[in-house]
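Engineer: This is the structure, below, for whatever I ask next.
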Amino acid sequence: MKRLGIMLLSLVLLLTTVAGCGSEGKDSEVSTATGSQSKSSAAGKVNEYGWEVPEKTLEISYYVGQDNPDTVAKNSKLISDLLLEKFNVKLNKIVYDTDMIEKLNLMLASNDYPDVISNMKVDEALKWVDLGKAQELTPLIDEYGPEIKKQMGDYLKRYEDDDGKIFNLPVGWGLLPIADAAAQVRLDWYKEIGSPEFKTPDEYYEVLKKLVEKHPVNAAGEKVYALGAWKDDVYPTMIPEQLGGIWGLKRGYKEDADHNLTHWVNTDEGLELTKWYNRFAREGLLDPDTFTQKRDDWGAKCSNERYAGHFATWWVTKDFGNMTWLKTKKDYSDDMRYPHYDIKAPTAEKSYLNPKSTMGWGRTIITDKCKNPKDVMKWWNFEVSDMGTKLLSWGIPNTETSVWNLTDSGEWSWNQNMTKTLEDSTFDQAKFDLNGGVSYWMVMGQQLHEDGTQAWIDQNFPSKWFKLKDENLKDTVFDFSAFFAISLPADEPVTVENQQVRDIVTTGFANAVMSKTESECVAKFMEMREKASKAGLKEVEDFYSQQYKKNLVKWNME
């Protein structure tokens with residue numbers, strides 16, 4: 001009731017200043033299907049995709065968040081035309097150039113919003129449920145969602161509330177068994193020093209140090225560093241959360257036998273990882289701009305060959321490293337890249353570098369404005385099916401630039417002229433986008449299907465380097481959904497305490513790492529720990545522990 005009261009007060013205030021979201025012209029809605037029809041000549045027939053074509057056009061308007069309306073319209077046109085022609089379905093995808101939370105508040109204030117809202121943050125979706133703006137999905141799933149039940153399986157239970165009811169479904173759900181974070185080294189430089197084996201943080205440090213000694217500056221005479229990072233998004237707090245996996249921590253927390261969670265700041269492992277990172281800074285091996293630069297600044301340095309290694313996700317060194325060099329360097333060789341290795345502290349029982357959430361990155365609701373929720377559920381049921389995943393993830397088939405083909409009888413195959421470009425790194429992403437790949441996700445999953453395919457087209461054709469990454473790091477991937485599913489309540493003190501702790505840790509970790517001596521590093525770490533404790537760290541730990549254990553019991557994951 002407290003949360004509801006706060007929201008209603010906020011809405012009253014907002015109503016004095018905002019107008020309906022449907023009146024904002026070009027910026028408000030992108031209706032990417034062309035034409036209109038009330039009946040289909042194929043009504044009642046099951047098309048080659050396995051969809052039973054409705055007699056009347058099924059039209060769904062849905063808001064998906066912040067994007068460029070012109071780009072969305074361009075990339076959605078071909079697939080929207082196909083959906084109207086072969087499915088008698090018209091999807092009106094609404095995007096805005098401005099922040100999603102801001103727009104959602106405007107929609108609530110004006111009481112003007114579409115049938116479906118997708119890609120919502122968890123707490124935002126729960127807020128709409130509390131306000132009575134989201135329809136219950138449980139009976140709809142039971143009656144019209146057999147594929148949803150089949151594909152999601154036990155995951156579906158993870159979206160039930162305390163009463164066993166489902167009011168939202170995820171987008172991007174499922175366990176994709178690929179490794180994201182790893183210790184990386186510049187391979188051609190690594191081979192120059194004889195490719196010495198490294199399995200611990202200290203051995204990794206020594207390898208990177210030798211690489212910098214061999215390559216102290218780049219071709220332009222600029223200093224080369226062992227490691228660097230950037231402050232955008234969740235950095236730099238993501239640095240210890242990822243690094244902690246080497247010392248046996250799980251996303252920045254230490255879990256005991258009773259599933260109690262201790263924040264890394266309150267652990268010996270947290271101190272060790274901070275001292276280890278500080279060692280790079282003390283010896284001039286850590287980019288001094290690590291805690292101040294933006295991602296693109298880091299990327300420019302990577303492209304200019306100023307990093308001997310990287311510790312974090314694989315795609316940034318791919319984008320700014322070998323994929324850039326492939327296009328810009330005449331002397332490019334296949335060894336000019338950053339392969340991925342698993343390292344583990346001697347004190348750790350296991351490396352937990354890659355915690356995974358099966359919960360997806362957003363939630364989708366059917367709002368109280370929707371007059372045909374059963375038809376929406378029928379569409380979602382197709383979306384998550386094997387053929388629905390192919391169409392809505394890979395884009396339209398049977399064109400020269402399609403990645404797949406489909407016969408009238410429903411038999412599919414790869415377009416090898418296009419898939420070969422995925423294997424040799426010449427894939428044209430712009431052409432793929434025009435075919436509508438991932439244009440219309442509402443409740444799509446990213447799990448493996450029975451035939452071994454998955455939603456992300458590039459993951460269906462991994463390079464030898466990608467395969468090596470996942471082989472090297474397969475033991476570091478684990479389901480940590482019970483943690484990722486925890487949502488901080490907006491109206492509770494622990495949420496404020498959590499933000500205060502996060503701010504203290506963000507600044508404190510940077511100060512400790514950039515210390516000039518190890519003793520100074522330790523002193524600043526202890527100062528950070530004390531400040532975080534006074535700000536409510538124990539309360540934050542207790543909250544996460546309680547919710548984590550609750551999820552484990554609820555999902556039978558103990």
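Ordered as shown in the structure tokens, chains take letters A, B, and onward, while each chain numbers its residues from 1 and ligands are numbered from 1 in the order shown.
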Please provide the set of residues having any atom within 7 Å of segment 316-329 of chain A, restricted to only C-alpha atoms, with same-chain residues fewer than 3 positions apart removed, written as a ChimeraX atom specification.

Structural biologist: /A:299,302-303,313,332,336-338

Engineer: Within 12 Å of segment 447-454 of chain A, which residues of segment 108-158 of chain A come that close, and what is the closest atom pair and distance in Å for each? Count only C-alpha atoms and give it as a Markdown table.

Structural biologist:
```
| residue | atom | partner | partner_atom | distance |
| --- | --- | --- | --- | --- |
| A:Lys150 | CA | A:His449 | CA | 11.1 |
| A:Gln151 | CA | A:His449 | CA | 8.4 |
| A:Met152 | CA | A:Gln447 | CA | 9.0 |
| A:Gly153 | CA | A:Gln447 | CA | 11.4 |
| A:Tyr155 | CA | A:Gln447 | CA | 11.1 |
```

Engineer: Pick out the closest residue to Ser402 of chain A from this set: A:Thr71, A:Thr200, A:Thr389, A:Asn435. Count only C-alpha atoms.

Structural biologist: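 Looking at the shortest contact to Ser402 of chain A, the residue is A:Asn435.
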
Engineer: Suppose you want the space between atom CA of Gln459 of chain A and atom CA of Lys294 of chain A; what is it in Å?

Structural biologist: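 Computing the Euclidean distance for atom CA of Gln459 of chain A and atom CA of Lys294 of chain A yields 27.9 Å.
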
Engineer: Applying 12 Å and only C-alpha atoms, which residues near Met557 of chain A remain after dropping the ones on its own chain fewer than 4 positions away? List them as number ranges by chain.

Structural biologist: A: 154-155, 158, 259, 479-483, 548-553

Engineer: Would you mind exporting the chosen residues as a PDB file, in the first residue's frame, restricted to N, CA, C and O atoms?

Structural biologist:
```
ATOM      1  N   ASP A 154      10.709 -25.488 -16.517  1.00  0.00           N
ATOM      2  CA  ASP A 154      10.794 -25.088 -15.106  1.00  0.00           C
ATOM      3  C   ASP A 154      11.078 -23.598 -14.937  1.00  0.00           C
ATOM      4  O   ASP A 154      10.819 -23.033 -13.862  1.00  0.00           O
ATOM      5  N   TYR A 155      11.610 -22.954 -15.970  1.00  0.00           N
ATOM      6  CA  TYR A 155      11.884 -21.522 -15.867  1.00  0.00           C
ATOM      7  C   TYR A 155      10.603 -20.723 -15.617  1.00  0.00           C
ATOM      8  O   TYR A 155      10.640 -19.654 -14.999  1.00  0.00           O
ATOM      9  N   ARG A 158       9.698 -19.285 -12.304  1.00  0.00           N
ATOM     10  CA  ARG A 158      10.501 -18.198 -11.780  1.00  0.00           C
ATOM     11  C   ARG A 158       9.832 -16.826 -11.939  1.00  0.00           C
ATOM     12  O   ARG A 158      10.320 -15.835 -11.415  1.00  0.00           O
ATOM     13  N   HIS A 259      24.045 -20.836   2.223  1.00  0.00           N
ATOM     14  CA  HIS A 259      23.585 -19.899   1.191  1.00  0.00           C
ATOM     15  C   HIS A 259      23.474 -18.460   1.689  1.00  0.00           C
ATOM     16  O   HIS A 259      22.726 -17.655   1.116  1.00  0.00           O
ATOM     17  N   ASP A 479      24.367 -21.253 -13.405  1.00  0.00           N
ATOM     18  CA  ASP A 479      23.078 -20.594 -13.263  1.00  0.00           C
ATOM     19  C   ASP A 479      23.014 -19.882 -11.908  1.00  0.00           C
ATOM     20  O   ASP A 479      23.000 -20.531 -10.865  1.00  0.00           O
ATOM     21  N   PHE A 480      22.973 -18.571 -11.948  1.00  0.00           N
ATOM     22  CA  PHE A 480      22.894 -17.774 -10.721  1.00  0.00           C
ATOM     23  C   PHE A 480      21.608 -16.944 -10.717  1.00  0.00           C
ATOM     24  O   PHE A 480      21.542 -15.853 -10.154  1.00  0.00           O
ATOM     25  N   SER A 481      20.571 -17.500 -11.355  1.00  0.00           N
ATOM     26  CA  SER A 481      19.306 -16.774 -11.507  1.00  0.00           C
ATOM     27  C   SER A 481      18.684 -16.402 -10.181  1.00  0.00           C
ATOM     28  O   SER A 481      18.030 -15.355 -10.059  1.00  0.00           O
ATOM     29  N   ALA A 482      18.848 -17.258  -9.170  1.00  0.00           N
ATOM     30  CA  ALA A 482      18.238 -16.980  -7.871  1.00  0.00           C
ATOM     31  C   ALA A 482      18.762 -15.680  -7.275  1.00  0.00           C
ATOM     32  O   ALA A 482      18.074 -15.025  -6.486  1.00  0.00           O
ATOM     33  N   PHE A 483      19.972 -15.291  -7.666  1.00  0.00           N
ATOM     34  CA  PHE A 483      20.533 -14.003  -7.243  1.00  0.00           C
ATOM     35  C   PHE A 483      20.068 -12.881  -8.161  1.00  0.00           C
ATOM     36  O   PHE A 483      19.601 -11.829  -7.712  1.00  0.00           O
ATOM     37  N   TYR A 548      17.723 -14.495  -1.720  1.00  0.00           N
ATOM     38  CA  TYR A 548      18.420 -15.552  -2.459  1.00  0.00           C
ATOM     39  C   TYR A 548      17.962 -16.926  -1.983  1.00  0.00           C
ATOM     40  O   TYR A 548      17.607 -17.804  -2.784  1.00  0.00           O
ATOM     41  N   LYS A 549      17.948 -17.122  -0.676  1.00  0.00           N
ATOM     42  CA  LYS A 549      17.522 -18.410  -0.119  1.00  0.00           C
ATOM     43  C   LYS A 549      16.045 -18.670  -0.410  1.00  0.00           C
ATOM     44  O   LYS A 549      15.649 -19.824  -0.663  1.00  0.00           O
ATOM     45  N   LYS A 550      15.254 -17.632  -0.395  1.00  0.00           N
ATOM     46  CA  LYS A 550      13.832 -17.771  -0.717  1.00  0.00           C
ATOM     47  C   LYS A 550      13.652 -18.267  -2.149  1.00  0.00           C
ATOM     48  O   LYS A 550      12.843 -19.177  -2.414  1.00  0.00           O
ATOM     49  N   ASN A 551      14.412 -17.705  -3.082  1.00  0.00           N
ATOM     50  CA  ASN A 551      14.325 -18.135  -4.477  1.00  0.00           C
ATOM     51  C   ASN A 551      14.817 -19.565  -4.657  1.00  0.00           C
ATOM     52  O   ASN A 551      14.250 -20.339  -5.436  1.00  0.00           O
ATOM     53  N   LEU A 552      15.881 -19.925  -3.965  1.00  0.00           N
ATOM     54  CA  LEU A 552      16.397 -21.281  -4.063  1.00  0.00           C
ATOM     55  C   LEU A 552      15.348 -22.304  -3.631  1.00  0.00           C
ATOM     56  O   LEU A 552      15.178 -23.353  -4.274  1.00  0.00           O
ATOM     57  N   VAL A 553      14.655 -22.000  -2.551  1.00  0.00           N
ATOM     58  CA  VAL A 553      13.614 -22.907  -2.063  1.00  0.00           C
ATOM     59  C   VAL A 553      12.436 -22.943  -3.040  1.00  0.00           C
ATOM     60  O   VAL A 553      11.931 -24.009  -3.407  1.00  0.00           O
TER      61      VAL A 553
END
```

Engineer: Work out how far apart atom CA of Tyr63 of chain A and atom CA of Val438 of chain A are and give it in Å to one decimal.

Structural biologist: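 One can read the atom CA of Tyr63 of chain A to atom CA of Val438 of chain A distance as 15.1 Å.
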
Engineer: Closest to Ala535 of chain A among A:Val496, A:Gly508, A:Gln446, A:Asp180, using only C-alpha atoms?

Structural biologist: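 Comparing A:Val496, A:Gly508, A:Gln446, A:Asp180 against Ala535 of chain A, the winner is A:Val496.
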
Engineer: What is the distance, in Å and to one decimal place, between atom CA of Ile101 of chain A and atom CA of Asn119 of chain A?

Structural biologist: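 If I compute the distance from atom CA of Ile101 of chain A to atom CA of Asn119 of chain A, I get 11.0 Å.
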
Engineer: Using DSSP on the backbone, list every residue of segment 67-147 of chain A that comes out as strand (DSSP E), and give them as a list in words.

Structural biologist: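 Residues meeting the strand (DSSP E) criterion: Val89, Lys90, Leu91, Asn92, Lys93, Ile94, Val95, Tyr96, Val116, Ile117, Ser118, Asn119 and Met120 of chain A.
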
Engineer: Hey, can you spit out that residue selection with all heavy atoms as a JSON list (two decimals), in the first residue's frame?

Structural biologist:
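Heads up, here's the output in out.json:
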```
[["chain", "number", "residue", "atom", "x", "y", "z"],
["A", 89, "VAL", "N", -1.01, -10.77, -39.59],
["A", 89, "VAL", "CA", -0.64, -10.18, -38.31],
["A", 89, "VAL", "C", 0.03, -8.83, -38.56],
["A", 89, "VAL", "O", 0.91, -8.73, -39.42],
["A", 89, "VAL", "CB", 0.32, -11.10, -37.53],
["A", 89, "VAL", "CG1", 0.88, -10.39, -36.30],
["A", 89, "VAL", "CG2", -0.39, -12.38, -37.11],
["A", 90, "LYS", "N", -0.38, -7.84, -37.82],
["A", 90, "LYS", "CA", 0.20, -6.50, -37.94],
["A", 90, "LYS", "C", 0.74, -6.09, -36.58],
["A", 90, "LYS", "O", -0.01, -5.95, -35.61],
["A", 90, "LYS", "CB", -0.84, -5.50, -38.41],
["A", 90, "LYS", "CG", -0.30, -4.09, -38.62],
["A", 90, "LYS", "CD", -1.40, -3.16, -39.14],
["A", 90, "LYS", "CE", -0.87, -1.75, -39.35],
["A", 90, "LYS", "NZ", -1.95, -0.82, -39.80],
["A", 91, "LEU", "N", 2.05, -5.90, -36.49],
["A", 91, "LEU", "CA", 2.69, -5.50, -35.24],
["A", 91, "LEU", "C", 3.10, -4.04, -35.33],
["A", 91, "LEU", "O", 3.88, -3.66, -36.21],
["A", 91, "LEU", "CB", 3.93, -6.37, -34.98],
["A", 91, "LEU", "CG", 3.69, -7.88, -34.89],
["A", 91, "LEU", "CD1", 5.00, -8.61, -34.63],
["A", 91, "LEU", "CD2", 2.68, -8.21, -33.80],
["A", 92, "ASN", "N", 2.58, -3.24, -34.43],
["A", 92, "ASN", "CA", 2.92, -1.82, -34.37],
["A", 92, "ASN", "C", 3.93, -1.63, -33.23],
["A", 92, "ASN", "O", 3.55, -1.59, -32.05],
["A", 92, "ASN", "CB", 1.68, -0.97, -34.12],
["A", 92, "ASN", "CG", 0.66, -1.12, -35.23],
["A", 92, "ASN", "OD1", 1.01, -1.15, -36.41],
["A", 92, "ASN", "ND2", -0.60, -1.23, -34.87],
["A", 93, "LYS", "N", 5.18, -1.53, -33.59],
["A", 93, "LYS", "CA", 6.25, -1.39, -32.60],
["A", 93, "LYS", "C", 6.47, 0.08, -32.30],
["A", 93, "LYS", "O", 6.80, 0.87, -33.18],
["A", 93, "LYS", "CB", 7.53, -2.03, -33.14],
["A", 93, "LYS", "CG", 8.71, -1.97, -32.19],
["A", 93, "LYS", "CD", 9.90, -2.71, -32.81],
["A", 93, "LYS", "CE", 11.12, -2.67, -31.91],
["A", 93, "LYS", "NZ", 12.26, -3.40, -32.52],
["A", 94, "ILE", "N", 6.30, 0.44, -31.04],
["A", 94, "ILE", "CA", 6.40, 1.84, -30.62],
["A", 94, "ILE", "C", 7.74, 2.06, -29.94],
["A", 94, "ILE", "O", 8.10, 1.34, -29.00],
["A", 94, "ILE", "CB", 5.27, 2.21, -29.65],
["A", 94, "ILE", "CG1", 3.90, 1.89, -30.28],
["A", 94, "ILE", "CG2", 5.35, 3.67, -29.25],
["A", 94, "ILE", "CD1", 2.76, 1.95, -29.30],
["A", 95, "VAL", "N", 8.49, 3.04, -30.41],
["A", 95, "VAL", "CA", 9.76, 3.42, -29.79],
["A", 95, "VAL", "C", 9.83, 4.93, -29.68],
["A", 95, "VAL", "O", 9.13, 5.66, -30.38],
["A", 95, "VAL", "CB", 10.97, 2.90, -30.61],
["A", 95, "VAL", "CG1", 11.00, 1.38, -30.67],
["A", 95, "VAL", "CG2", 10.99, 3.49, -32.01],
["A", 96, "TYR", "N", 10.69, 5.39, -28.77],
["A", 96, "TYR", "CA", 10.90, 6.82, -28.57],
["A", 96, "TYR", "C", 12.40, 7.10, -28.52],
["A", 96, "TYR", "O", 13.19, 6.22, -28.18],
["A", 96, "TYR", "CB", 10.26, 7.29, -27.26],
["A", 96, "TYR", "CG", 8.77, 7.13, -27.20],
["A", 96, "TYR", "CD1", 8.21, 5.97, -26.68],
["A", 96, "TYR", "CD2", 7.93, 8.13, -27.66],
["A", 96, "TYR", "CE1", 6.83, 5.82, -26.62],
["A", 96, "TYR", "CE2", 6.56, 8.00, -27.60],
["A", 96, "TYR", "CZ", 6.01, 6.83, -27.08],
["A", 96, "TYR", "OH", 4.65, 6.69, -27.02],
["A", 116, "VAL", "N", 0.52, -3.74, -25.18],
["A", 116, "VAL", "CA", 1.65, -4.49, -24.63],
["A", 116, "VAL", "C", 2.81, -3.55, -24.37],
["A", 116, "VAL", "O", 3.05, -2.63, -25.16],
["A", 116, "VAL", "CB", 2.08, -5.62, -25.60],
["A", 116, "VAL", "CG1", 3.37, -6.30, -25.13],
["A", 116, "VAL", "CG2", 0.96, -6.65, -25.74],
["A", 117, "ILE", "N", 3.52, -3.77, -23.29],
["A", 117, "ILE", "CA", 4.77, -3.06, -23.03],
["A", 117, "ILE", "C", 5.85, -4.11, -22.79],
["A", 117, "ILE", "O", 5.69, -5.01, -21.96],
["A", 117, "ILE", "CB", 4.67, -2.11, -21.82],
["A", 117, "ILE", "CG1", 3.55, -1.09, -22.04],
["A", 117, "ILE", "CG2", 5.99, -1.40, -21.59],
["A", 117, "ILE", "CD1", 3.31, -0.18, -20.85],
["A", 118, "SER", "N", 6.95, -4.00, -23.52],
["A", 118, "SER", "CA", 8.01, -5.00, -23.45],
["A", 118, "SER", "C", 9.32, -4.34, -23.01],
["A", 118, "SER", "O", 9.46, -3.12, -23.03],
["A", 118, "SER", "CB", 8.20, -5.67, -24.82],
["A", 118, "SER", "OG", 9.12, -6.74, -24.73],
["A", 119, "ASN", "N", 10.27, -5.17, -22.60],
["A", 119, "ASN", "CA", 11.62, -4.72, -22.25],
["A", 119, "ASN", "C", 11.63, -3.84, -21.00],
["A", 119, "ASN", "O", 12.52, -3.01, -20.83],
["A", 119, "ASN", "CB", 12.26, -3.97, -23.42],
["A", 119, "ASN", "CG", 13.76, -4.06, -23.41],
["A", 119, "ASN", "OD1", 14.34, -5.08, -23.04],
["A", 119, "ASN", "ND2", 14.42, -2.99, -23.80],
["A", 120, "MET", "N", 10.67, -4.04, -20.11],
["A", 120, "MET", "CA", 10.60, -3.25, -18.87],
["A", 120, "MET", "C", 11.60, -3.80, -17.86],
["A", 120, "MET", "O", 11.87, -5.00, -17.81],
["A", 120, "MET", "CB", 9.21, -3.33, -18.26],
["A", 120, "MET", "CG", 8.09, -2.91, -19.17],
["A", 120, "MET", "SD", 6.45, -3.18, -18.42],
["A", 120, "MET", "CE", 6.33, -1.72, -17.37]]
```

Engineer: Could you tell me, as a PyMOL selection string, which residues of segment 247-412 of chain A DSSP assigns to alpha helix (DSSP H) when given the backbone?

Structural biologist: chain A and resi 268-282+295-303+314-317+323-328+373-383+386-394

Engineer: Using only C-alpha atoms, pick whichever of A:Lys103, A:Arg251, A:Lys390, A:Arg279 has the shortest atom-to-atom distance to Phe478 of chain A.

Structural biologist: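 Among the listed residues, the smallest separation from Phe478 of chain A belongs to A:Arg251.
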
Engineer: Kindly indicate which residue among A:Ile504, A:Ile457, A:Leu175, A:Met444 lies nearest to Arg363 of chain A, using only C-alpha atoms for the distances.

Structural biologist: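 Of A:Ile504, A:Ile457, A:Leu175, A:Met444, the one nearest Arg363 of chain A is A:Met444, counting only C-alpha atoms.
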
Engineer: For Lys149 of chain A, list every protein, DNA or RNA residue within 12 Å, evaluated using only C-alpha atoms, and leave out those in the same chain fewer than 3 positions away; present the list as a CSV table (one decimal) with N, CA and C atoms, in the first residue's frame.

Structural biologist:
```
chain,number,residue,atom,x,y,z
A,138,THR,N,-1.6,-16.0,-16.2
A,138,THR,CA,-1.6,-17.5,-15.8
A,138,THR,C,-2.7,-18.2,-16.6
A,140,LEU,N,-4.2,-17.4,-19.3
A,140,LEU,CA,-3.9,-17.3,-20.8
A,140,LEU,C,-2.9,-18.3,-21.2
A,141,ILE,N,-1.8,-18.4,-20.4
A,141,ILE,CA,-0.7,-19.4,-20.7
A,141,ILE,C,-1.3,-20.8,-20.6
A,142,ASP,N,-2.1,-21.1,-19.6
A,142,ASP,CA,-2.7,-22.4,-19.5
A,142,ASP,C,-3.5,-22.8,-20.7
A,143,GLU,N,-4.2,-21.9,-21.3
A,143,GLU,CA,-5.1,-22.2,-22.4
A,143,GLU,C,-4.5,-22.0,-23.8
A,144,TYR,N,-3.7,-20.9,-23.9
A,144,TYR,CA,-3.2,-20.6,-25.2
A,144,TYR,C,-1.7,-20.7,-25.4
A,145,GLY,N,-1.0,-21.1,-24.4
A,145,GLY,CA,0.5,-21.1,-24.4
A,145,GLY,C,1.2,-22.4,-24.2
A,146,PRO,N,0.8,-23.5,-25.0
A,146,PRO,CA,1.5,-24.8,-24.8
A,146,PRO,C,3.0,-24.7,-25.2
A,152,MET,N,9.8,-23.0,-22.0
A,152,MET,CA,10.3,-22.4,-20.8
A,152,MET,C,10.4,-23.5,-19.7
A,153,GLY,N,9.6,-24.5,-19.7
A,153,GLY,CA,9.7,-25.6,-18.7
A,153,GLY,C,9.7,-25.1,-17.3
A,154,ASP,N,10.7,-25.5,-16.5
A,154,ASP,CA,10.8,-25.1,-15.1
A,154,ASP,C,11.1,-23.6,-14.9
A,155,TYR,N,11.6,-23.0,-16.0
A,155,TYR,CA,11.9,-21.5,-15.9
A,155,TYR,C,10.6,-20.7,-15.6
A,156,LEU,N,9.5,-21.2,-16.1
A,156,LEU,CA,8.2,-20.5,-16.0
A,156,LEU,C,7.9,-20.2,-14.6
A,157,LYS,N,8.2,-21.1,-13.7
A,157,LYS,CA,7.9,-20.9,-12.3
A,157,LYS,C,8.6,-19.7,-11.7
A,169,LEU,N,6.0,-11.8,-18.4
A,169,LEU,CA,6.9,-12.8,-19.0
A,169,LEU,C,8.2,-12.1,-19.5
A,377,MET,N,-1.5,-13.7,-26.6
A,377,MET,CA,-0.9,-14.9,-26.0
A,377,MET,C,-0.7,-15.9,-27.1
A,380,TRP,N,2.5,-14.8,-28.9
A,380,TRP,CA,3.6,-15.1,-28.0
A,380,TRP,C,4.0,-16.6,-28.1
A,381,ASN,N,2.9,-17.4,-28.1
A,381,ASN,CA,3.1,-18.8,-28.2
A,381,ASN,C,3.8,-19.2,-29.5
A,382,PHE,N,3.5,-18.6,-30.6
A,382,PHE,CA,4.2,-18.8,-31.8
A,382,PHE,C,5.6,-18.2,-31.7
A,384,VAL,N,7.8,-18.0,-29.4
A,384,VAL,CA,8.8,-18.8,-28.7
A,384,VAL,C,9.0,-20.2,-29.3
A,385,SER,N,8.1,-20.6,-30.2
A,385,SER,CA,8.3,-21.9,-30.9
A,385,SER,C,9.6,-21.9,-31.7
```

Engineer: Pick from A:Tyr159, A:Glu497, A:Gly395, A:Ile166: nearest to Ile79 of chain A, with only C-alpha atoms counted?

Structural biologist: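 Using only C-alpha atoms, the shortest distance to Ile79 of chain A belongs to A:Gly395.
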
Engineer: Residues at most 10 Å from Lys301 of chain A, counting only C-alpha atoms, excluding those fewer than 2 positions away in the same chain, as a list in words?

Structural biologist: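 Listing them by chain and then by number gives Asn218, Glu222, Lys223, Val224, Tyr225, Gly228, Asp287, Asp296, Asp297, Trp298, Gly299, Ser303, Asn304, Glu305, Arg306, Tyr307, Phe320 and Gly321 of chain A.
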
Engineer: For Ala348 of chain A, list every protein, DNA or RNA residue within 12 Å, evaluated using only C-alpha atoms, and leave out those in the same chain fewer than 2 positions away; present the list as a PyMOL selection string.

Structural biologist: chain A and resi 200-201+244-250+254+268-269+272+343-346+350-353

Engineer: Would you output that residue set with C-alpha atoms, as a compact mmCIF listing (two decimals), in the first residue's frame?

Structural biologist:
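Dumped to result_9.txt:
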```txt
# COMPACT_ATOMS: atom_id res chain seq x y z
CA THR A 200 46.63 -18.18 -11.48
CA PRO A 201 46.19 -14.39 -11.13
CA GLY A 244 35.94 -11.84 -7.84
CA GLY A 245 35.11 -14.95 -9.84
CA ILE A 246 38.83 -15.78 -9.91
CA TRP A 247 38.84 -15.88 -6.11
CA GLY A 248 35.67 -17.99 -5.91
CA LEU A 249 33.18 -15.15 -5.44
CA LYS A 250 29.87 -15.14 -7.28
CA LYS A 254 30.76 -15.06 -1.20
CA ASP A 268 39.52 -11.53 2.44
CA GLU A 269 39.07 -12.39 -1.23
CA GLU A 272 43.23 -9.83 -2.34
CA ILE A 343 42.48 -18.45 -14.23
CA LYS A 344 41.84 -19.25 -10.56
CA ALA A 345 43.37 -18.15 -7.29
CA PRO A 346 45.08 -21.02 -5.40
CA LYS A 350 36.45 -23.09 -8.24
CA SER A 351 36.45 -20.17 -10.63
CA TYR A 352 33.05 -18.46 -10.93
CA LEU A 353 33.78 -16.10 -13.78
```

Engineer: Identify which of the residues A:Val376, A:Ala182, A:Leu488, A:Ala42 lies closest to Pro339 of chain A, counting only C-alpha atoms when measuring atom-to-atom distances.

Structural biologist: A:Ala182

Engineer: Just want the 12 Å neighbourhood of Val129 of chain A, counted on only C-alpha atoms, with same-chain residues fewer than 5 positions away dropped. Output as a ChimeraX atom specification.

Structural biologist: /A:3-4,7,120,122-124,134-137,161,165-168,363-368

Engineer: With a cut-off of 10 Å, could you pull out the residues of segment 110-200 of chain A touching segment 460-476 of chain A and give me the nearest pair of atoms for each, distance in Å to one decimal, using only C-alpha atoms, ordered by chain and ascending number, as a tab-separated table?

Structural biologist:
```
residue	atom	partner	partner_atom	distance
A:Pro177	CA	A:Lys474	CA	7.9
A:Ile178	CA	A:Asp470	CA	5.8
A:Ala179	CA	A:Asp470	CA	5.7
A:Asp180	CA	A:Asp470	CA	8.9
A:Ala181	CA	A:Leu473	CA	8.9
A:Ala182	CA	A:Leu473	CA	7.7
A:Gln184	CA	A:Lys469	CA	10.0
```

Engineer: Go ahead and save the picked residues with C-alpha atoms, as a PDB file, in the first residue's frame.

Structural biologist:
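Produced file part-v9.pdb, reproduced below:
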```pdb
ATOM      1  CA  PRO A 177      25.904 -21.802 -22.184  1.00  0.00           C
ATOM      2  CA  ILE A 178      28.578 -19.463 -23.480  1.00  0.00           C
ATOM      3  CA  ALA A 179      31.296 -17.726 -21.482  1.00  0.00           C
ATOM      4  CA  ASP A 180      31.253 -13.940 -21.370  1.00  0.00           C
ATOM      5  CA  ALA A 181      34.123 -12.897 -19.087  1.00  0.00           C
ATOM      6  CA  ALA A 182      37.688 -14.164 -19.223  1.00  0.00           C
ATOM      7  CA  GLN A 184      42.611 -12.318 -22.310  1.00  0.00           C
TER       8      GLN A 184
END
```
